[in-house]
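Below is the file entry_18.cif, which contains mmCIF, C-alpha atoms and all ligand atoms.
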data_coords
#
loop_
_atom_site.label_atom_id
_atom_site.label_comp_id
_atom_site.auth_asym_id
_atom_site.auth_seq_id
_atom_site.Cartn_x
_atom_site.Cartn_y
_atom_site.Cartn_z
CA MET A 1 68.54 87.77 95.30
CA LYS A 2 65.78 90.28 95.87
CA LEU A 3 66.01 92.83 98.68
CA VAL A 4 62.90 94.27 100.30
CA GLN A 5 63.95 97.15 102.52
CA VAL A 6 61.47 97.93 105.27
CA GLU A 7 61.26 100.46 108.08
CA ASN A 8 61.48 98.24 111.15
CA ASP A 9 61.00 94.80 112.70
CA THR A 10 57.20 95.18 112.65
CA GLU A 11 57.10 95.85 108.92
CA MET A 12 59.61 93.05 108.27
CA SER A 13 57.34 90.64 110.14
CA GLN A 14 54.25 91.77 108.24
CA VAL A 15 55.88 91.39 104.82
CA ALA A 16 57.27 87.94 105.66
CA ALA A 17 53.95 86.81 107.18
CA GLU A 18 52.08 87.94 104.05
CA LYS A 19 54.30 85.75 101.91
CA ILE A 20 53.61 82.73 104.13
CA ILE A 21 49.86 83.42 104.26
CA SER A 22 49.74 83.77 100.48
CA LEU A 23 51.50 80.42 100.02
CA VAL A 24 49.27 78.66 102.56
CA THR A 25 46.18 80.09 100.86
CA HIS A 26 47.24 79.14 97.33
CA ASN A 27 48.81 75.80 98.22
CA PRO A 28 46.94 74.35 101.23
CA THR A 29 49.16 71.25 101.31
CA ALA A 30 52.48 73.16 101.20
CA THR A 31 55.51 72.32 103.31
CA LEU A 32 56.80 75.30 105.26
CA GLY A 33 60.39 75.42 106.46
CA LEU A 34 60.44 77.33 109.72
CA ALA A 35 63.11 79.03 111.80
CA THR A 36 63.58 80.01 115.43
CA GLY A 37 65.53 82.75 117.21
CA GLY A 38 64.43 86.28 118.05
CA THR A 39 63.86 87.51 114.50
CA PRO A 40 60.91 85.29 113.44
CA LYS A 41 58.91 85.99 116.64
CA GLY A 42 57.10 88.93 115.03
CA VAL A 43 56.32 86.84 111.95
CA TYR A 44 54.66 84.18 114.10
CA ALA A 45 52.74 86.90 115.98
CA GLU A 46 51.41 88.12 112.61
CA LEU A 47 50.42 84.57 111.61
CA ARG A 48 48.60 84.13 114.93
CA ARG A 49 46.77 87.41 114.43
CA ASP A 50 45.84 86.49 110.85
CA TYR A 51 44.57 83.10 112.00
CA GLU A 52 42.33 84.75 114.60
CA ASN A 53 40.98 87.35 112.21
CA ASN A 54 40.90 85.58 108.86
CA HIS A 55 40.92 81.88 109.82
CA THR A 56 43.65 80.99 107.30
CA SER A 57 43.68 77.22 107.48
CA TYR A 58 46.80 75.14 108.16
CA HIS A 59 44.81 71.91 108.21
CA SER A 60 46.93 70.15 105.57
CA ILE A 61 50.08 72.26 105.88
CA LYS A 62 53.30 70.53 106.90
CA ALA A 63 56.09 72.23 108.81
CA VAL A 64 59.74 71.28 109.10
CA ASN A 65 62.08 73.27 111.28
CA LEU A 66 65.65 74.10 110.47
CA ASP A 67 67.32 72.90 113.61
CA GLU A 68 67.19 71.77 117.24
CA TYR A 69 69.61 71.75 120.15
CA VAL A 70 71.05 68.44 121.29
CA GLY A 71 70.12 67.30 124.79
CA LEU A 72 67.10 69.44 125.63
CA THR A 73 63.72 67.82 126.25
CA ALA A 74 60.63 69.01 124.35
CA GLU A 75 59.41 70.51 127.65
CA ASP A 76 62.55 72.59 128.09
CA PRO A 77 61.57 76.23 127.37
CA ASN A 78 64.84 76.64 125.48
CA SER A 79 64.20 73.79 123.08
CA TYR A 80 63.10 74.84 119.63
CA LYS A 81 60.23 72.35 119.87
CA TYR A 82 58.88 74.29 122.87
CA TYR A 83 59.47 77.61 121.09
CA MET A 84 57.50 76.53 118.00
CA SER A 85 54.55 75.25 120.05
CA LYS A 86 54.46 78.44 122.10
CA GLU A 87 54.97 80.93 119.26
CA LEU A 88 52.90 79.26 116.54
CA PHE A 89 51.73 75.66 116.54
CA ASN A 90 49.51 75.89 119.64
CA HIS A 91 47.63 78.82 118.11
CA ILE A 92 46.76 77.61 114.60
CA ASN A 93 44.99 74.52 113.24
CA ILE A 94 48.14 72.73 112.08
CA LYS A 95 48.09 69.01 112.98
CA SER A 96 50.80 68.13 115.50
CA THR A 97 51.61 65.07 113.38
CA ASN A 98 52.46 67.47 110.54
CA THR A 99 54.98 69.49 112.56
CA HIS A 100 58.56 68.29 112.53
CA LEU A 101 61.82 69.21 114.22
CA PRO A 102 64.97 67.14 114.51
CA HIS A 103 64.94 65.04 117.70
CA GLY A 104 67.81 66.46 119.72
CA ASN A 105 67.37 63.67 122.24
CA ALA A 106 67.64 60.78 119.82
CA GLU A 107 69.83 57.92 120.98
CA ASP A 108 71.75 57.86 117.72
CA LEU A 109 72.13 61.45 116.57
CA ASN A 110 73.67 60.59 113.22
CA GLU A 111 70.82 58.23 112.44
CA GLU A 112 68.43 61.00 113.41
CA CYS A 113 70.04 63.29 110.83
CA VAL A 114 69.49 60.67 108.12
CA ARG A 115 65.87 60.22 109.24
CA TYR A 116 65.21 63.97 109.14
CA GLU A 117 66.68 64.40 105.69
CA LYS A 118 64.54 61.50 104.38
CA LEU A 119 61.48 62.97 106.05
CA ILE A 120 61.92 66.29 104.22
CA LYS A 121 62.24 64.42 100.93
CA SER A 122 59.15 62.33 101.69
CA LEU A 123 57.17 65.53 102.21
CA GLY A 124 58.10 66.58 98.68
CA GLY A 125 60.71 69.12 99.77
CA ILE A 126 60.22 72.57 101.21
CA ASP A 127 58.04 75.08 99.37
CA LEU A 128 59.12 78.11 101.37
CA GLN A 129 61.99 78.23 103.86
CA LEU A 130 62.07 81.07 106.38
CA LEU A 131 65.58 81.93 107.54
CA GLY A 132 67.24 84.18 110.06
CA ILE A 133 70.93 84.96 109.93
CA GLY A 134 73.57 84.63 112.64
CA HIS A 135 76.20 87.28 113.38
CA ASN A 136 78.78 85.14 111.62
CA GLY A 137 76.51 84.49 108.65
CA HIS A 138 75.27 81.13 109.87
CA ILE A 139 71.95 79.86 108.55
CA GLY A 140 70.17 77.24 110.61
CA PHE A 141 73.15 76.12 112.66
CA ASN A 142 75.47 75.84 109.67
CA GLU A 143 78.56 77.53 111.00
CA PRO A 144 81.31 79.12 108.85
CA GLY A 145 83.24 76.43 106.98
CA THR A 146 80.23 74.12 106.52
CA SER A 147 80.21 72.51 103.09
CA PHE A 148 77.62 73.88 100.68
CA GLU A 149 76.93 70.21 99.84
CA SER A 150 75.94 69.37 103.43
CA ARG A 151 72.67 67.68 104.30
CA THR A 152 71.10 67.43 107.78
CA HIS A 153 73.98 66.94 110.20
CA LEU A 154 75.23 67.20 113.76
CA VAL A 155 77.15 70.38 114.58
CA HIS A 156 79.41 71.68 117.31
CA LEU A 157 78.36 75.25 117.89
CA THR A 158 81.00 77.97 117.75
CA GLU A 159 81.79 80.05 120.81
CA GLN A 160 80.30 83.06 119.02
CA THR A 161 76.96 81.30 118.50
CA ILE A 162 76.90 79.94 122.04
CA THR A 163 77.58 83.45 123.36
CA ALA A 164 74.94 85.02 121.08
CA ASN A 165 72.32 82.43 122.09
CA SER A 166 73.22 82.51 125.80
CA ARG A 167 70.91 85.52 126.17
CA TYR A 168 68.01 83.06 126.22
CA PHE A 169 69.62 80.84 128.91
CA SER A 170 70.58 81.70 132.49
CA SER A 171 74.26 81.16 131.75
CA TYR A 172 76.75 80.40 128.96
CA GLU A 173 77.33 76.95 130.50
CA GLU A 174 73.68 76.03 130.08
CA VAL A 175 73.68 76.52 126.30
CA PRO A 176 73.94 73.16 124.52
CA LYS A 177 77.22 72.82 122.66
CA GLN A 178 75.75 70.73 119.85
CA ALA A 179 72.75 70.88 117.56
CA ILE A 180 71.18 69.10 114.62
CA THR A 181 70.62 71.31 111.62
CA MET A 182 69.39 71.00 108.07
CA GLY A 183 72.44 71.22 105.87
CA ILE A 184 73.15 73.99 103.41
CA GLN A 185 72.16 71.78 100.47
CA THR A 186 68.95 70.83 102.29
CA ILE A 187 68.11 74.53 102.58
CA LEU A 188 69.12 75.28 98.99
CA CYS A 189 66.72 72.60 97.71
CA SER A 190 63.77 74.70 98.96
CA LYS A 191 61.69 76.14 96.16
CA GLU A 192 61.67 79.60 97.74
CA ILE A 193 63.74 81.15 100.53
CA VAL A 194 62.86 84.19 102.63
CA LEU A 195 65.61 85.57 104.84
CA ILE A 196 64.63 88.10 107.48
CA ALA A 197 66.94 90.44 109.38
CA SER A 198 66.34 93.35 111.71
CA GLY A 199 68.46 95.50 113.97
CA LYS A 200 71.95 96.91 113.78
CA GLU A 201 73.59 93.67 115.01
CA LYS A 202 72.71 92.18 111.61
CA ALA A 203 74.11 95.06 109.53
CA GLU A 204 77.57 93.49 109.06
CA SER A 205 76.09 90.15 107.95
CA ILE A 206 73.72 91.83 105.49
CA LYS A 207 76.58 93.95 104.13
CA ARG A 208 78.72 90.85 103.60
CA LEU A 209 75.84 88.95 102.00
CA PHE A 210 75.23 91.68 99.43
CA LYS A 211 78.92 92.04 98.70
CA GLY A 212 78.19 89.03 96.53
CA GLU A 213 81.19 86.88 97.33
CA ILE A 214 80.26 83.21 97.50
CA ASN A 215 82.41 81.49 100.10
CA GLU A 216 81.94 78.65 102.60
CA SER A 217 83.46 80.88 105.29
CA PHE A 218 80.18 82.83 105.14
CA PRO A 219 77.34 80.25 105.00
CA ALA A 220 74.58 82.70 103.98
CA SER A 221 76.48 83.50 100.79
CA THR A 222 75.22 80.17 99.46
CA LEU A 223 71.88 81.92 98.92
CA LEU A 224 73.44 83.74 95.99
CA LEU A 225 73.34 80.39 94.19
CA HIS A 226 69.55 80.10 94.53
CA ALA A 227 67.10 81.55 92.00
CA ASN A 228 64.28 82.51 94.35
CA VAL A 229 65.53 84.28 97.48
CA THR A 230 63.97 87.34 99.07
CA VAL A 231 65.79 89.18 101.84
CA ILE A 232 63.46 91.28 103.96
CA ALA A 233 65.57 93.59 106.10
CA ASP A 234 64.88 96.73 108.07
CA LYS A 235 66.64 100.10 108.02
CA GLU A 236 69.11 99.20 110.76
CA ALA A 237 70.08 95.88 109.17
CA THR A 238 70.61 97.54 105.79
CA ALA A 239 72.45 100.58 107.19
CA LEU A 240 75.83 99.47 105.81
CA LEU A 241 74.65 98.74 102.26
C1 LIG B 301 70.14 80.67 116.01
C2 LIG B 301 69.31 79.86 115.03
C3 LIG B 301 69.32 80.47 113.65
C4 LIG B 301 68.99 81.95 113.77
C5 LIG B 301 70.06 82.66 114.55
C6 LIG B 301 69.82 84.15 114.70
O1 LIG B 301 71.47 80.31 116.04
N1 LIG B 301 69.74 78.51 114.93
O2 LIG B 301 68.38 79.80 112.84
O3 LIG B 301 68.88 82.52 112.49
O4 LIG B 301 70.08 82.08 115.84
O5 LIG B 301 68.92 84.36 115.74
P1 LIG B 301 68.23 85.72 116.11
O6 LIG B 301 67.09 85.83 115.17
O7 LIG B 301 67.78 85.55 117.52
O8 LIG B 301 69.23 86.79 115.93
#

Entire entry expressed as structure tokens:
Amino acid sequence: MKLVQVENDTEMSQVAAEKIISLVTHNPTATLGLATGGTPKGVYAELRRDYENNHTSYHSIKAVNLDEYVGLTAEDPNSYKYYMSKELFNHINIKSTNTHLPHGNAEDLNEECVRYEKLIKSLGGIDLQLLGIGHNGHIGFNEPGTSFESRTHLVHLTEQTITANSRYFSSYEEVPKQAITMGIQTILCSKEIVLIASGKEKAESIKRLFKGEINESFPASTLLLHANVTVIADKEATALL
């Protein structure tokens, strides 16, 4: 696992965006695995800026997102579908038919998980997966204890994750209690993984990740089993290393 230590969130976003732009330029039909949350916002801002200035084309790029809440409509500003349109997809020339997120409103959620997993395979797998990290080491919505063999599945969010994500909702009660997420094995099958972290709230997680102990109680530690992972983390997130 490679660590790129950067000054701050801005530099983290630039370095991560450069990696994505380089892939899109060299492999115009690549499949990008994308993430949501606060951390990737700067990355998407960089991609928007690059698109405006350099016209990097996403014409044949495919995108698959890590996860989606259960029960929110695509129009709900808290759905990850809405987030992706607002932060990235509406601003670049990616085809909407090439952008994918799990359907959190599907009638049969388990069937939806199977469909999503098949979809990723049919796209030839993920060339580069962007990841954030939760306070408890979750990746996507794979909470502590999730099997490293897991594929796309339905999860019950932990209280800690609901509390952490409630900052985007008007109350704790409004945060969905379930989500669909790519599984840990789904993520590990990506050819390349880029994990980004900024701010002191992530320092404990980054410390634990680099301790090097592989354990299902800390989902991100699965990344130690992958041959091509880059962690881009700022000063505050690496303060405890
Ligand atoms: C959510 C997402 C994760 C994300 C995590 C951290 O739970 N499902 O993919 O990594 O939050 O989010 P943030 O970047 O806002 O700290």

Restrict the calculation to all atoms listed in the file, then for each residue of chain A with any atom at most 8 Å from an atom of ligand LIG 301 (chain B) give the closest atom pair and their distance in Å to one decimal, rows by chain and rising residue number, as a tab-separated table.
residue	atom	partner	partner_atom	distance
A:Ala35	CA	B:LIG301	O2	5.4
A:Thr36	CA	B:LIG301	O2	5.5
A:Gly37	CA	B:LIG301	O7	3.6
A:Gly38	CA	B:LIG301	O7	3.5
A:Thr39	CA	B:LIG301	O6	3.7
A:Pro40	CA	B:LIG301	O6	6.4
A:Leu66	CA	B:LIG301	O2	6.7
A:Asp67	CA	B:LIG301	N1	6.3
A:Glu68	CA	B:LIG301	N1	7.6
A:Leu131	CA	B:LIG301	O3	6.0
A:Gly132	CA	B:LIG301	O3	3.4
A:Ile133	CA	B:LIG301	O3	4.1
A:Gly134	CA	B:LIG301	C6	4.3
A:His135	CA	B:LIG301	C6	7.2
A:His138	CA	B:LIG301	O3	7.0
A:Ile139	CA	B:LIG301	O2	5.6
A:Gly140	CA	B:LIG301	O2	3.8
A:Phe141	CA	B:LIG301	N1	4.7
A:Thr161	CA	B:LIG301	O1	6.1
A:Ala164	CA	B:LIG301	O1	7.7
A:Asn165	CA	B:LIG301	O1	6.5
A:Thr181	CA	B:LIG301	N1	8.0
A:Ala197	CA	B:LIG301	O6	7.4
A:Lys202	CA	B:LIG301	O8	7.7

Contacts of Gln185 (chain A) at 6 Å (only C-alpha atoms; same-chain gap of 4+ positions) as a ChimeraX atom specification: /A:148-151

Contact residues around region 50-60 of chain A with all atoms listed in the file at 10 Å, ignoring same-chain residues under 6 positions, as a ChimeraX atom specification: /A:17-18,21-22,24-25,27-31,44,89,91-95,98

Selection near Leu34 (chain A), 8 Å with all atoms listed in the file, sequence-local residues under 4 positions removed, as JSON, numbers by chain: {"A": [63, 64, 65, 66, 129, 130, 131]}

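One distance worth recording is that between CA of Glu174 (chain A) and CA of Ala106 (chain A), which is 19.3 Å.
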
Pairwise distance for CA of Asn215 (chain A) and CA of Gly125 (chain A), rounded to one decimal in Å: 25.0 Å

Mind checking which residues fall within 10 Å of Arg208 (chain A), counting only C-alpha atoms, ignoring those fewer than 5 positions away in the same chain, and posting them as a PDB file with C-alpha atoms, in the coordinates of the input?
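For reference, out37.pdb as written:
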ATOM      1  CA  ASN A 136      78.780  85.140 111.620  1.00  0.00           C
ATOM      2  CA  GLY A 137      76.510  84.490 108.650  1.00  0.00           C
ATOM      3  CA  ALA A 203      74.110  95.060 109.530  1.00  0.00           C
ATOM      4  CA  GLU A 213      81.190  86.880  97.330  1.00  0.00           C
ATOM      5  CA  ILE A 214      80.260  83.210  97.500  1.00  0.00           C
ATOM      6  CA  PHE A 218      80.180  82.830 105.140  1.00  0.00           C
ATOM      7  CA  ALA A 220      74.580  82.700 103.980  1.00  0.00           C
ATOM      8  CA  SER A 221      76.480  83.500 100.790  1.00  0.00           C
ATOM      9  CA  LEU A 240      75.830  99.470 105.810  1.00  0.00           C
ATOM     10  CA  LEU A 241      74.650  98.740 102.260  1.00  0.00           C
TER      11      LEU A 241
END

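What separates CA of Lys41 (chain A) from CA of Tyr80 (chain A) is a distance of 12.3 Å.
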
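Closest approach to Ser79 (chain A) from the set A:Val6, A:Ile180, A:Leu225, A:Leu188 is made by A:Ile180, with distances taken over all atoms listed in the file.
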
Please return the centre and edge lengths, in Å to one decimal, of a box with edges along x, y and z that contains all listed atoms of region 193-207 of chain A, widened by 3 Å on every side, as AutoDock Vina command-line options.
--center_x 70.2 --center_y 89.0 --center_z 107.8 --size_x 20.7 --size_y 21.8 --size_z 20.5

Within 7 Å of Ser13 (chain A) using only C-alpha atoms, minus same-chain residues under 5 positions, as JSON, numbers by chain: {"A": [42, 43, 46]}

Counting only C-alpha atoms, the option among A:Asp9, A:Glu192, A:Asp127, A:Glu112 closest to Leu154 (chain A):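 Using only C-alpha atoms, Leu154 (chain A) sits closest to A:Glu112.
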
Nearest-residue call for Ile120 (chain A), choices A:Asn105, A:Ser170, A:Ser190, A:Ser96, using only C-alpha atoms: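 Checking each candidate against Ile120 (chain A), we get A:Ser190 as the closest.
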
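Across A:Thr152, A:Arg49, A:Thr230, A:Gln178, the tightest approach to Asn110 (chain A) is made by A:Thr152 when counting all atoms listed in the file.
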
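Closest approach to Ile206 (chain A) among A:Ala239, A:Val194, A:Gly183, A:Tyr168 is made by A:Ala239 (distances from all atoms listed in the file).
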